[in-house]
Every structure is written in structure tokens, then in C-alpha cells.
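Student: Okay, so here is target.txt, and as you'll see once you scroll down, it has compact mmCIF, C-alpha atoms and all ligand atoms.
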```txt
# COMPACT_ATOMS: atom_id res chain seq x y z
CA MET A 55 -5.58 22.19 -0.13
CA LYS A 56 -5.75 24.46 2.92
CA PRO A 57 -4.39 22.92 6.15
CA ALA A 58 -7.81 23.09 7.84
CA ASP A 59 -9.40 21.25 4.92
CA SER A 60 -6.67 18.55 5.00
CA LYS A 61 -7.21 18.10 8.73
CA LYS A 62 -10.99 17.69 8.21
CA ALA A 63 -10.39 15.19 5.37
CA LEU A 64 -7.96 13.22 7.53
CA ALA A 65 -10.49 12.95 10.37
CA CYS A 66 -13.12 11.70 7.91
CA ALA A 67 -10.72 9.11 6.43
CA VAL A 68 -9.71 7.90 9.92
CA LEU A 69 -13.40 7.43 10.85
CA ALA A 70 -14.06 5.47 7.63
CA ALA A 71 -10.96 3.29 8.15
CA ARG A 72 -11.87 2.50 11.77
CA ARG A 73 -15.45 1.56 10.78
CA ALA A 74 -14.23 -0.84 8.06
CA GLY A 75 -11.53 -2.17 10.41
CA GLN A 76 -14.16 -2.98 13.02
CA LEU A 77 -16.18 -4.92 10.43
CA MET A 78 -13.00 -6.89 9.58
CA ARG A 79 -12.35 -7.65 13.27
CA GLU A 80 -15.99 -8.74 13.81
CA ASN A 81 -15.63 -11.19 10.90
CA GLN A 82 -12.06 -12.32 11.62
CA GLY A 83 -13.06 -15.85 12.72
CA ALA A 84 -16.20 -16.09 10.59
CA VAL A 85 -16.63 -18.19 7.43
CA LYS A 86 -16.11 -15.76 4.55
CA THR A 87 -18.21 -15.60 1.39
CA VAL A 88 -15.90 -15.81 -1.65
CA ASN A 89 -17.28 -13.84 -4.60
CA SER A 90 -14.54 -14.94 -7.01
CA GLN A 91 -11.19 -16.74 -7.00
CA SER A 92 -8.32 -16.95 -9.50
CA ALA A 93 -4.89 -18.61 -9.46
CA HIS A 94 -3.35 -16.02 -7.08
CA ASP A 95 -6.29 -13.95 -5.83
CA ILE A 96 -9.52 -14.06 -3.84
CA LYS A 97 -12.39 -11.55 -3.84
CA LEU A 98 -14.66 -11.58 -0.77
CA GLU A 99 -18.19 -10.28 -0.19
CA LEU A 100 -16.62 -8.52 2.83
CA ASP A 101 -14.37 -6.51 0.46
CA VAL A 102 -17.61 -5.13 -1.07
CA GLN A 103 -19.31 -4.52 2.30
CA CYS A 104 -16.24 -2.73 3.70
CA GLN A 105 -16.03 -0.52 0.61
CA LYS A 106 -19.73 0.35 0.88
CA LEU A 107 -19.22 1.40 4.52
CA ILE A 108 -16.21 3.53 3.55
CA GLU A 109 -18.10 5.10 0.62
CA LYS A 110 -21.02 6.01 2.89
CA THR A 111 -18.72 7.67 5.43
CA LEU A 112 -16.57 9.58 2.91
CA LEU A 113 -19.28 10.65 0.47
CA THR A 114 -21.56 11.88 3.25
CA ASP A 115 -18.97 14.57 4.08
CA TYR A 116 -17.72 14.90 0.46
CA PRO A 117 -20.85 14.41 -1.72
CA THR A 118 -19.23 15.99 -4.82
CA ALA A 119 -15.95 14.01 -4.66
CA ALA A 120 -14.99 10.98 -6.78
CA LEU A 121 -14.13 7.60 -5.30
CA MET A 122 -11.92 4.98 -6.95
CA GLY A 123 -11.91 1.69 -5.05
CA GLU A 124 -10.75 -1.88 -5.62
CA GLU A 125 -14.43 -2.83 -5.57
CA GLY A 126 -15.55 -0.15 -8.04
CA LEU A 127 -16.13 3.58 -8.65
CA ALA A 128 -18.54 5.97 -6.89
CA GLY A 129 -19.25 9.70 -6.59
CA ASP A 130 -18.58 12.32 -9.31
CA ALA A 131 -15.87 11.12 -11.71
CA ASN A 132 -15.24 14.72 -12.91
CA SER A 133 -14.40 16.05 -9.45
CA ASP A 134 -10.94 17.52 -8.68
CA LEU A 135 -11.05 15.60 -5.39
CA ARG A 136 -10.69 11.81 -5.54
CA TRP A 137 -10.71 9.23 -2.75
CA VAL A 138 -8.58 6.14 -3.54
CA VAL A 139 -9.66 3.15 -1.44
CA ASP A 140 -8.55 -0.42 -0.80
CA PRO A 141 -11.21 -1.68 1.65
CA ILE A 142 -9.24 -4.81 2.60
CA ASP A 143 -5.60 -4.88 1.55
CA GLY A 144 -4.25 -8.37 2.10
CA THR A 145 -7.51 -10.15 1.28
CA VAL A 146 -5.90 -13.59 0.89
CA ASN A 147 -4.29 -13.22 4.35
CA PHE A 148 -7.66 -12.16 5.81
CA THR A 149 -9.48 -15.06 4.13
CA TYR A 150 -7.04 -17.58 5.63
CA GLY A 151 -7.19 -15.98 9.11
CA ILE A 152 -3.67 -14.50 8.88
CA PRO A 153 -3.99 -11.27 10.92
CA HIS A 154 -1.93 -9.17 8.52
CA ALA A 155 -4.36 -7.02 6.51
CA CYS A 156 -5.49 -3.39 6.56
CA VAL A 157 -7.72 -0.61 5.24
CA SER A 158 -6.05 1.94 2.95
CA ILE A 159 -7.64 5.34 2.17
CA ALA A 160 -6.05 8.25 0.27
CA LEU A 161 -7.42 11.62 -0.83
CA GLN A 162 -6.01 13.01 -4.08
CA GLU A 163 -6.37 16.52 -5.49
CA ARG A 164 -6.19 17.35 -9.22
CA VAL A 165 -3.84 20.26 -9.92
CA ALA A 166 -2.89 21.23 -13.46
CA GLY A 167 -4.54 18.08 -14.80
CA SER A 168 -2.85 15.46 -12.63
CA PHE A 169 -3.82 13.96 -9.29
CA SER A 170 -1.48 13.97 -6.30
CA THR A 171 -2.11 12.47 -2.87
CA VAL A 172 -2.70 15.03 -0.08
CA VAL A 173 -4.02 12.80 2.77
CA GLY A 174 -3.28 9.14 3.58
CA VAL A 175 -4.53 6.61 6.18
CA VAL A 176 -3.55 2.95 6.63
CA TYR A 177 -5.29 1.07 9.47
CA ASP A 178 -4.33 -2.39 10.77
CA PRO A 179 -7.37 -3.46 12.83
CA PHE A 180 -5.64 -6.54 14.28
CA CYS A 181 -2.73 -4.62 15.85
CA ASP A 182 -4.90 -1.46 16.22
CA GLU A 183 -2.17 0.55 14.49
CA ILE A 184 -3.16 3.57 12.40
CA TRP A 185 -0.71 5.41 10.14
CA THR A 186 -1.67 8.90 8.99
CA ALA A 187 -0.18 11.68 6.89
CA ILE A 188 -1.01 15.09 5.44
CA ARG A 189 1.28 16.24 2.62
CA GLY A 190 3.96 18.59 3.97
CA GLN A 191 3.62 17.36 7.58
CA PRO A 192 5.37 14.52 9.48
CA ALA A 193 3.82 11.05 9.15
CA ARG A 194 2.38 9.47 12.33
CA LEU A 195 1.72 6.06 13.81
CA ASN A 196 -0.98 6.13 16.51
CA ASP A 197 -0.43 9.88 16.49
CA ARG A 198 3.33 9.72 17.16
CA PRO A 199 5.80 10.99 14.51
CA ILE A 200 7.66 8.24 12.62
CA HIS A 201 10.79 8.18 10.45
CA VAL A 202 12.43 5.75 8.06
CA SER A 203 15.61 3.84 9.02
CA GLN A 204 19.14 5.15 8.39
CA ARG A 205 20.51 1.80 7.24
CA ARG A 206 22.72 2.07 4.12
CA GLU A 207 24.31 -1.35 3.62
CA LEU A 208 22.29 -4.18 2.02
CA ARG A 209 23.72 -6.67 4.56
CA GLU A 210 21.96 -4.84 7.39
CA CYS A 211 18.63 -4.41 5.53
CA VAL A 212 15.30 -6.16 5.91
CA VAL A 213 13.69 -6.04 2.46
CA SER A 214 10.07 -6.95 1.67
CA ILE A 215 9.22 -8.38 -1.74
CA GLY A 216 5.73 -8.96 -3.09
CA PHE A 217 4.65 -11.18 -5.95
CA ALA A 218 1.32 -9.76 -7.08
CA LYS A 219 -1.23 -11.71 -9.07
CA ASP A 220 0.28 -12.04 -12.53
CA ALA A 221 3.04 -13.91 -14.38
CA GLU A 222 4.76 -10.63 -15.31
CA SER A 223 5.30 -9.86 -11.62
CA LEU A 224 6.88 -13.27 -11.04
CA ARG A 225 9.05 -12.96 -14.17
CA LEU A 226 10.30 -9.53 -13.08
CA ASN A 227 10.91 -10.17 -9.42
CA LEU A 228 11.85 -13.83 -8.92
CA PRO A 229 15.42 -13.16 -10.19
CA VAL A 230 15.61 -10.17 -7.84
CA PHE A 231 14.48 -12.31 -4.93
CA ASN A 232 17.06 -14.99 -5.78
CA ASP A 233 19.82 -12.40 -5.93
CA LEU A 234 18.95 -10.34 -2.88
CA VAL A 235 18.15 -13.24 -0.51
CA GLY A 236 21.87 -13.91 -0.10
CA ARG A 237 22.88 -10.25 0.20
CA VAL A 238 20.44 -8.67 2.65
CA LEU A 239 19.88 -9.47 6.34
CA LYS A 240 16.39 -10.86 5.68
CA ILE A 241 13.68 -10.95 3.01
CA ARG A 242 10.06 -10.71 4.14
CA MET A 243 6.97 -11.49 2.01
CA MET A 244 3.86 -10.41 3.95
CA GLY A 245 1.06 -10.07 1.36
CA ALA A 246 -0.27 -6.56 2.01
CA ALA A 247 1.27 -3.69 -0.02
CA ALA A 248 -0.09 -0.83 2.11
CA LEU A 249 1.31 -2.38 5.32
CA ALA A 250 4.68 -3.00 3.66
CA LEU A 251 4.85 0.69 2.66
CA VAL A 252 4.09 1.94 6.19
CA TYR A 253 6.52 -0.61 7.66
CA VAL A 254 9.24 1.08 5.56
CA ALA A 255 7.93 4.46 6.78
CA SER A 256 8.27 3.22 10.39
CA GLY A 257 11.79 1.82 9.90
CA ARG A 258 10.62 -1.80 10.35
CA PHE A 259 11.63 -2.55 6.74
CA ASP A 260 14.32 -0.72 4.78
CA ALA A 261 12.83 -1.33 1.34
CA TYR A 262 9.81 -2.92 -0.35
CA ILE A 263 9.73 -4.16 -3.95
CA GLU A 264 6.64 -5.15 -5.91
CA SER A 265 5.42 -5.00 -9.48
CA GLY A 266 1.82 -5.43 -10.66
CA ILE A 267 -0.02 -3.53 -7.91
CA TYR A 268 -2.77 -0.94 -8.29
CA LEU A 269 -3.09 2.69 -7.21
CA TRP A 270 -5.46 1.73 -4.40
CA ASP A 271 -2.78 -0.62 -2.94
CA ILE A 272 -0.14 2.15 -2.76
CA ALA A 273 -1.56 5.73 -2.78
CA ALA A 274 -2.01 6.20 0.98
CA GLY A 275 1.09 4.22 2.03
CA GLY A 276 3.18 6.09 -0.55
CA LEU A 277 2.33 9.50 0.95
CA ILE A 278 2.92 8.22 4.49
CA LEU A 279 6.36 6.94 3.39
CA GLN A 280 7.27 10.30 1.80
CA CYS A 281 6.15 12.17 4.94
CA ALA A 282 8.40 9.85 7.01
CA GLY A 283 11.47 10.83 4.96
CA GLY A 284 11.42 7.85 2.59
CA GLU A 285 11.37 7.49 -1.19
CA PHE A 286 8.20 6.31 -2.94
CA TRP A 287 9.83 5.27 -6.25
CA HIS A 288 7.06 3.98 -8.51
CA ARG A 289 6.15 4.06 -12.19
CA PRO A 290 3.18 2.85 -14.21
CA ARG A 291 3.76 -0.32 -16.14
CA ALA A 292 3.69 0.03 -19.90
CA SER A 293 0.89 -2.57 -20.02
CA GLY A 294 -2.11 -1.02 -18.25
CA PRO A 295 -3.11 0.48 -14.88
CA LYS A 296 -0.61 -1.36 -12.67
CA PHE A 297 2.57 -0.02 -11.09
CA GLU A 298 6.14 -1.16 -10.52
CA MET A 299 7.48 0.04 -7.18
CA LEU A 300 10.64 0.20 -5.08
CA ALA A 301 9.75 1.92 -1.84
CA ASN A 302 12.77 2.58 0.38
CA ASN A 303 14.36 4.62 3.15
CA GLY A 304 15.98 6.96 0.59
CA LEU A 305 19.43 5.36 1.06
CA VAL A 306 19.36 1.93 -0.61
CA ARG A 307 17.42 2.24 -3.91
CA ARG A 308 20.43 2.50 -6.22
CA LYS A 309 22.12 -0.53 -4.66
CA ILE A 310 18.92 -2.59 -5.00
CA GLN A 311 18.22 -1.39 -8.55
CA ALA A 312 21.79 -2.24 -9.60
CA ARG A 313 21.35 -5.80 -8.27
CA ALA A 314 17.90 -6.07 -9.86
CA LYS A 315 19.22 -5.03 -13.27
CA LEU A 316 22.00 -7.63 -13.15
CA ALA A 317 19.69 -10.37 -11.87
CA ARG A 318 17.03 -9.74 -14.53
CA ALA A 319 19.66 -9.60 -17.30
CA ALA A 320 21.14 -12.90 -16.12
CA ALA A 321 17.67 -14.46 -16.02
CA LEU A 322 17.02 -13.34 -19.60
CA CYS A 323 20.34 -14.91 -20.72
CA ASN A 324 19.40 -18.21 -19.06
CA GLN A 325 16.00 -18.39 -20.76
C1 LIG B 401 -2.65 -7.46 -2.45
C2 LIG B 401 -1.41 -6.60 -2.31
C3 LIG B 401 -0.17 -7.48 -2.23
C4 LIG B 401 -0.03 -8.31 -3.46
C5 LIG B 401 -1.27 -9.15 -3.63
C6 LIG B 401 -2.53 -8.29 -3.69
P1 LIG B 401 -5.26 -7.08 -2.23
O1 LIG B 401 -3.75 -6.62 -2.58
O2 LIG B 401 -1.52 -5.88 -1.14
O3 LIG B 401 0.98 -6.71 -2.08
O4 LIG B 401 1.11 -9.13 -3.39
O5 LIG B 401 -1.18 -9.88 -4.84
O6 LIG B 401 -2.45 -7.46 -4.82
O7 LIG B 401 -5.77 -7.82 -3.45
O8 LIG B 401 -5.25 -7.95 -1.03
O9 LIG B 401 -5.99 -5.79 -2.01
```
What does this structure look like when you write it as C-alpha cells?

Tutor:
Amino acid sequence: MKPADSKKALACAVLAARRAGQLMRENQGAVKTVNSQSAHDIKLELDVQCQKLIEKTLLTDYPTAALMGEEGLAGDANSDLRWVVDPIDGTVNFTYGIPHACVSIALQERVAGSFSTVVGVVYDPFCDEIWTAIRGQPARLNDRPIHVSQRRELRECVVSIGFAKDAESLRLNLPVFNDLVGRVLKIRMMGAAALALVYVASGRFDAYIESGIYLWDIAAGGLILQCAGGEFWHRPRASGPKFEMLANNGLVRRKIQARAKLARAAALCNQ
């Protein structure tokens, strides 16, 4: 994508994110309509309304693009341009009035048959913090360049761990949590994947581990992390459209993966 086109796409994504963020702020204290609820998840009517607002903004400027969102698909599915949208990331937090949730918007371009992210925006409307990135350029927070931390030792690291919505995620990561909690400075569990990714990008966290999350939770934050000098280690799970991820500052992945391997093996032995 030409730099001028990326810049135009970024401006459009920022506008869409700010509009959805304003709707979240306006409804922060309001009673929220729950469309569905499961053991570890809630779906709000506001998730749908925010996505509609984002769709309207993005597809007005990009009428031939595709859009893949947590609340459904829109636009032209055959397009080589694809918006990937999580209208409210951290919906359970937002439902319970915990002001730690965001809007996540990524633009992907299909080259040689596979999509890669070229523009990313993550907006926290409660702290009014907006993270942005264009592939090949430095990542920014409120328009200032950001960089990952330089911490190398686990004992000085703050590591975020997420337990998504399924039993597989708990099975995979509870042993890792139990092992790391005594080895790192602190573990944090905040409930919004996109914010955890940009917190690593900003050097607030040194690593973030989660399994069982979707592309819309991680596409924008992953690019922002890469553009801040970090490592967006992720791979699709064998079973379906979810991902396993170990986002980090580029210095601690091997140490964490070594601990994770031992912890999971020990857990299997104890079963
Ligand atoms: C959430 C993720 C979070 C995960 C939750 C949920 P949502 O996304 O951001 O990391 O632990 O289970 O998947 O559903 O709020 O968009």
C-alpha cells in the first residue's frame, strides 16, 4: 500500500474508533442491554451498535472493502482490502463498569493470497489514549513514538495473562500462571487483549500470554507491537479460528516458553 493511502486509511480508522469510543463513554454508567451470555462471556446490544457505527464510517470511504468484525461480516468478501474490527474489546469489563475496554480496528491487505495488517488503531475512550501504527513506521501513543521495554530477566518483568472463554484456554494457561507467578515481578490479568498488546508496545508490560482469542482481538494491537520493536508471536490453534499468542518485548519469549513447556508437561503428568 502506498504511504499516502496508508495515511488516509489511518485517518479513517481513527475517526471510526473515536466515534465508537464516544458511544461507549456516553453509555458508561447506563444500564446495558445483554443480547446473550455464556459461562465466561457477555454480548451487548452496544457491541452491535458500535460495530454499525464503525462499519458506516469505514465503508463510506472504502465501499469496495471487506469488513470482518466480532459482530459479523460486511462489505465485499472478495476484496483484497479487509477491515478487522472489535467494536468493544473487554466487553465484560465494560458491562460491569470497569473502565478498561477499547475499540480495535485494523486494515489488512491481501498479497500473494494471504492477508497482512498494514494499519492498526486501538482506542481507550476512558483514558483517551489512542495507539496507532502504519506498517514500516514507528508506533505512536497520542501521536508520540513508543517503544517496548528493554527488560530481559523474568524477575523484573510484569507479565499479563488472559484466560479467554473456553476450557482449552484454562487447561493450557493455568499451569503457566502457577509457574510464572512466583518467578516474575507481577502478573496482571486485565480482560482486554488489544489493550494488553499495546501496553507491551508501550513498555507498561513486558509480555502478554493468551490462548483462545480471535483475529479481531489481536490484529491491530499486533501491528502496533511490531512497530514498537516488539514480537507478535502468534499461531492459529489446530481447532478452528482462534489463536495462541505470546506477545513480548522481543527479549523474554524463550524464557517464558521454556517455563510454559515445563509447567504444561508437569500438569499433564499430574492429571
Ligand atoms: C476479550 C479479550 C480478552 C479475553 C476475553 C475476551 P471481548 O474479548 O479481549 O483478552 O480474555 O475472554 O475474549 O469478547 O471482550 O471482545

Student: Which residues are near ligand LIG 401 (chain B) - at most 9 Å, using all atoms listed in the file? Format: as a PyMOL selection string.

Tutor: chain A and resi 94-97+101+124+140-148+155-156+215-220+243-250+264-268+270-272

Student: What is the distance, in Å and to one decimal place, between atom CA of A:Val139 and atom CA of A:Arg307?

Tutor: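 We find that atom CA of A:Val139 and atom CA of A:Arg307 lie 27.2 Å from each other.
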
Student: Counting all atoms listed in the file, which residue out of A:Ile188, A:Ala321, A:Gln204, A:Asn303 sits closest to A:Phe231?

Tutor: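 Ranked by minimum distance to A:Phe231, first place goes to A:Ala321.
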
Student: Please tell me which residues are no farther than 9 Å from (14.4, -5.0, -4.8) in the file, counting only C-alpha atoms, and write them as a VMD selection string.

Tutor: chain A and resid 213 to 215 227 230 to 231 234 261 to 264 299 to 301 307 309 to 311 313 to 314

Student: Write out, as a PDB file, in the frame of the given file, the residues just selected, with C-alpha atoms.

Tutor:
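Result went into result_6.pdb, see below:
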```
ATOM      1  CA  VAL A 213      13.690  -6.040   2.460  1.00  0.00           C
ATOM      2  CA  SER A 214      10.070  -6.950   1.670  1.00  0.00           C
ATOM      3  CA  ILE A 215       9.220  -8.380  -1.740  1.00  0.00           C
ATOM      4  CA  ASN A 227      10.910 -10.170  -9.420  1.00  0.00           C
ATOM      5  CA  VAL A 230      15.610 -10.170  -7.840  1.00  0.00           C
ATOM      6  CA  PHE A 231      14.480 -12.310  -4.930  1.00  0.00           C
ATOM      7  CA  LEU A 234      18.950 -10.340  -2.880  1.00  0.00           C
ATOM      8  CA  ALA A 261      12.830  -1.330   1.340  1.00  0.00           C
ATOM      9  CA  TYR A 262       9.810  -2.920  -0.350  1.00  0.00           C
ATOM     10  CA  ILE A 263       9.730  -4.160  -3.950  1.00  0.00           C
ATOM     11  CA  GLU A 264       6.640  -5.150  -5.910  1.00  0.00           C
ATOM     12  CA  MET A 299       7.480   0.040  -7.180  1.00  0.00           C
ATOM     13  CA  LEU A 300      10.640   0.200  -5.080  1.00  0.00           C
ATOM     14  CA  ALA A 301       9.750   1.920  -1.840  1.00  0.00           C
ATOM     15  CA  ARG A 307      17.420   2.240  -3.910  1.00  0.00           C
ATOM     16  CA  LYS A 309      22.120  -0.530  -4.660  1.00  0.00           C
ATOM     17  CA  ILE A 310      18.920  -2.590  -5.000  1.00  0.00           C
ATOM     18  CA  GLN A 311      18.220  -1.390  -8.550  1.00  0.00           C
ATOM     19  CA  ARG A 313      21.350  -5.800  -8.270  1.00  0.00           C
ATOM     20  CA  ALA A 314      17.900  -6.070  -9.860  1.00  0.00           C
TER      21      ALA A 314
END
```

Student: For A:Pro179, list every protein, DNA or RNA residue within 7 Å, evaluated using all atoms listed in the file, and leave out those in the same chain fewer than 2 positions away; present the list as JSON, numbers by chain.

Tutor: {"A": [75, 76, 79, 156, 177, 181, 182, 183]}

Student: In Å to one decimal, how far is atom CA of A:Asn302 from atom CA of A:Glu210?

Tutor: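 Taking atom CA of A:Glu210 as the start and atom CA of A:Asn302 as the end point, the length is 13.7 Å.
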
Student: Using all atoms listed in the file, which residue out of A:Asn81, A:Asn132, A:Ser90, A:Gln280 lies closest to A:Gly174?

Tutor: A:Gln280

Student: Find, counting only C-alpha atoms, the residue in A:Ile108, A:Ala319, A:Ala119, A:Ile159 that gets nearest to A:Ile184.

Tutor: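 Checking each candidate against A:Ile184, we get A:Ile159 as the closest.
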
Student: Which residue, A:Arg73, A:Lys56, A:Arg136, A:Arg189, has the smallest gap to A:Ala282 when you use only C-alpha atoms?

Tutor: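 Checking each of A:Arg73, A:Lys56, A:Arg136, A:Arg189 against A:Ala282, counting only C-alpha atoms, the winner is A:Arg189.
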
Student: Please identify all polymer residues within 7 Å of A:Val138, counting all atoms listed in the file, omitting same-chain residues fewer than 6 positions from it, and present them as an MDAnalysis selection string.

Tutor: chainID A and resid 121:123 159:161 270

Student: Write the selection just made, keeping C-alpha atoms, as a CSV table (one decimal), in the frame of the given file?

Tutor:
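Dumped everything to out-v6.csv:
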```csv
chain,number,residue,atom,x,y,z
A,121,LEU,CA,-14.1,7.6,-5.3
A,122,MET,CA,-11.9,5.0,-7.0
A,123,GLY,CA,-11.9,1.7,-5.0
A,159,ILE,CA,-7.6,5.3,2.2
A,160,ALA,CA,-6.0,8.2,0.3
A,161,LEU,CA,-7.4,11.6,-0.8
A,270,TRP,CA,-5.5,1.7,-4.4
```

Student: Could you add N, CA, C and O atoms to stretch 271-291 of chain A and give me the result as a PDB file, keeping the file's coordinate frame?

Tutor:
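Output below, filename result12.pdb:
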```pdb
ATOM      1  N   ASP A 271      -3.680   0.093  -3.869  1.00  0.00           N
ATOM      2  CA  ASP A 271      -2.780  -0.620  -2.940  1.00  0.00           C
ATOM      3  C   ASP A 271      -1.717   0.316  -2.355  1.00  0.00           C
ATOM      4  O   ASP A 271      -1.205   0.065  -1.266  1.00  0.00           O
ATOM      5  N   ILE A 272      -1.362   1.404  -3.105  1.00  0.00           N
ATOM      6  CA  ILE A 272      -0.140   2.150  -2.760  1.00  0.00           C
ATOM      7  C   ILE A 272      -0.317   3.646  -2.488  1.00  0.00           C
ATOM      8  O   ILE A 272       0.594   4.273  -1.932  1.00  0.00           O
ATOM      9  N   ALA A 273      -1.454   4.255  -2.855  1.00  0.00           N
ATOM     10  CA  ALA A 273      -1.560   5.730  -2.780  1.00  0.00           C
ATOM     11  C   ALA A 273      -1.368   6.252  -1.350  1.00  0.00           C
ATOM     12  O   ALA A 273      -0.537   7.134  -1.107  1.00  0.00           O
ATOM     13  N   ALA A 274      -2.102   5.690  -0.402  1.00  0.00           N
ATOM     14  CA  ALA A 274      -2.010   6.200   0.980  1.00  0.00           C
ATOM     15  C   ALA A 274      -0.646   5.881   1.601  1.00  0.00           C
ATOM     16  O   ALA A 274       0.027   6.760   2.152  1.00  0.00           O
ATOM     17  N   GLY A 275      -0.200   4.623   1.453  1.00  0.00           N
ATOM     18  CA  GLY A 275       1.090   4.220   2.030  1.00  0.00           C
ATOM     19  C   GLY A 275       2.247   4.995   1.424  1.00  0.00           C
ATOM     20  O   GLY A 275       3.217   5.308   2.115  1.00  0.00           O
ATOM     21  N   GLY A 276       2.120   5.332   0.121  1.00  0.00           N
ATOM     22  CA  GLY A 276       3.180   6.090  -0.550  1.00  0.00           C
ATOM     23  C   GLY A 276       3.362   7.481   0.050  1.00  0.00           C
ATOM     24  O   GLY A 276       4.488   7.926   0.292  1.00  0.00           O
ATOM     25  N   LEU A 277       2.222   8.165   0.332  1.00  0.00           N
ATOM     26  CA  LEU A 277       2.330   9.500   0.950  1.00  0.00           C
ATOM     27  C   LEU A 277       2.900   9.398   2.361  1.00  0.00           C
ATOM     28  O   LEU A 277       3.767  10.186   2.756  1.00  0.00           O
ATOM     29  N   ILE A 278       2.436   8.391   3.124  1.00  0.00           N
ATOM     30  CA  ILE A 278       2.920   8.220   4.490  1.00  0.00           C
ATOM     31  C   ILE A 278       4.443   7.984   4.478  1.00  0.00           C
ATOM     32  O   ILE A 278       5.192   8.562   5.279  1.00  0.00           O
ATOM     33  N   LEU A 279       4.917   7.191   3.520  1.00  0.00           N
ATOM     34  CA  LEU A 279       6.360   6.940   3.390  1.00  0.00           C
ATOM     35  C   LEU A 279       7.116   8.227   3.091  1.00  0.00           C
ATOM     36  O   LEU A 279       8.125   8.519   3.725  1.00  0.00           O
ATOM     37  N   GLN A 280       6.603   9.034   2.137  1.00  0.00           N
ATOM     38  CA  GLN A 280       7.270  10.300   1.800  1.00  0.00           C
ATOM     39  C   GLN A 280       7.317  11.229   3.021  1.00  0.00           C
ATOM     40  O   GLN A 280       8.335  11.857   3.288  1.00  0.00           O
ATOM     41  N   CYS A 281       6.217  11.286   3.775  1.00  0.00           N
ATOM     42  CA  CYS A 281       6.150  12.170   4.940  1.00  0.00           C
ATOM     43  C   CYS A 281       6.981  11.654   6.125  1.00  0.00           C
ATOM     44  O   CYS A 281       7.148  12.350   7.118  1.00  0.00           O
ATOM     45  N   ALA A 282       7.506  10.422   5.983  1.00  0.00           N
ATOM     46  CA  ALA A 282       8.400   9.850   7.010  1.00  0.00           C
ATOM     47  C   ALA A 282       9.861   9.919   6.551  1.00  0.00           C
ATOM     48  O   ALA A 282      10.730   9.299   7.169  1.00  0.00           O
ATOM     49  N   GLY A 283      10.094  10.631   5.440  1.00  0.00           N
ATOM     50  CA  GLY A 283      11.470  10.830   4.960  1.00  0.00           C
ATOM     51  C   GLY A 283      11.942   9.783   3.975  1.00  0.00           C
ATOM     52  O   GLY A 283      13.119   9.766   3.609  1.00  0.00           O
ATOM     53  N   GLY A 284      11.040   8.908   3.515  1.00  0.00           N
ATOM     54  CA  GLY A 284      11.420   7.850   2.590  1.00  0.00           C
ATOM     55  C   GLY A 284      11.189   8.221   1.137  1.00  0.00           C
ATOM     56  O   GLY A 284      10.735   9.327   0.828  1.00  0.00           O
ATOM     57  N   GLU A 285      11.501   7.260   0.256  1.00  0.00           N
ATOM     58  CA  GLU A 285      11.370   7.490  -1.190  1.00  0.00           C
ATOM     59  C   GLU A 285      10.327   6.529  -1.766  1.00  0.00           C
ATOM     60  O   GLU A 285      10.474   5.312  -1.679  1.00  0.00           O
ATOM     61  N   PHE A 286       9.297   7.107  -2.364  1.00  0.00           N
ATOM     62  CA  PHE A 286       8.200   6.310  -2.940  1.00  0.00           C
ATOM     63  C   PHE A 286       8.446   6.197  -4.454  1.00  0.00           C
ATOM     64  O   PHE A 286       7.737   6.775  -5.265  1.00  0.00           O
ATOM     65  N   TRP A 287       9.494   5.410  -4.819  1.00  0.00           N
ATOM     66  CA  TRP A 287       9.830   5.270  -6.250  1.00  0.00           C
ATOM     67  C   TRP A 287       8.804   4.328  -6.877  1.00  0.00           C
ATOM     68  O   TRP A 287       8.672   3.183  -6.466  1.00  0.00           O
ATOM     69  N   HIS A 288       8.045   4.827  -7.840  1.00  0.00           N
ATOM     70  CA  HIS A 288       7.060   3.980  -8.510  1.00  0.00           C
ATOM     71  C   HIS A 288       6.827   4.511  -9.923  1.00  0.00           C
ATOM     72  O   HIS A 288       6.995   5.715 -10.179  1.00  0.00           O
ATOM     73  N   ARG A 289       6.474   3.620 -10.836  1.00  0.00           N
ATOM     74  CA  ARG A 289       6.150   4.060 -12.190  1.00  0.00           C
ATOM     75  C   ARG A 289       5.097   3.130 -12.778  1.00  0.00           C
ATOM     76  O   ARG A 289       5.087   1.930 -12.493  1.00  0.00           O
ATOM     77  N   PRO A 290       4.217   3.713 -13.623  1.00  0.00           N
ATOM     78  CA  PRO A 290       3.180   2.850 -14.210  1.00  0.00           C
ATOM     79  C   PRO A 290       3.828   1.853 -15.158  1.00  0.00           C
ATOM     80  O   PRO A 290       4.816   2.169 -15.829  1.00  0.00           O
ATOM     81  N   ARG A 291       3.277   0.663 -15.177  1.00  0.00           N
ATOM     82  CA  ARG A 291       3.760  -0.320 -16.140  1.00  0.00           C
ATOM     83  C   ARG A 291       3.300   0.101 -17.524  1.00  0.00           C
ATOM     84  O   ARG A 291       2.236   0.707 -17.669  1.00  0.00           O
TER      85      ARG A 291
END
```
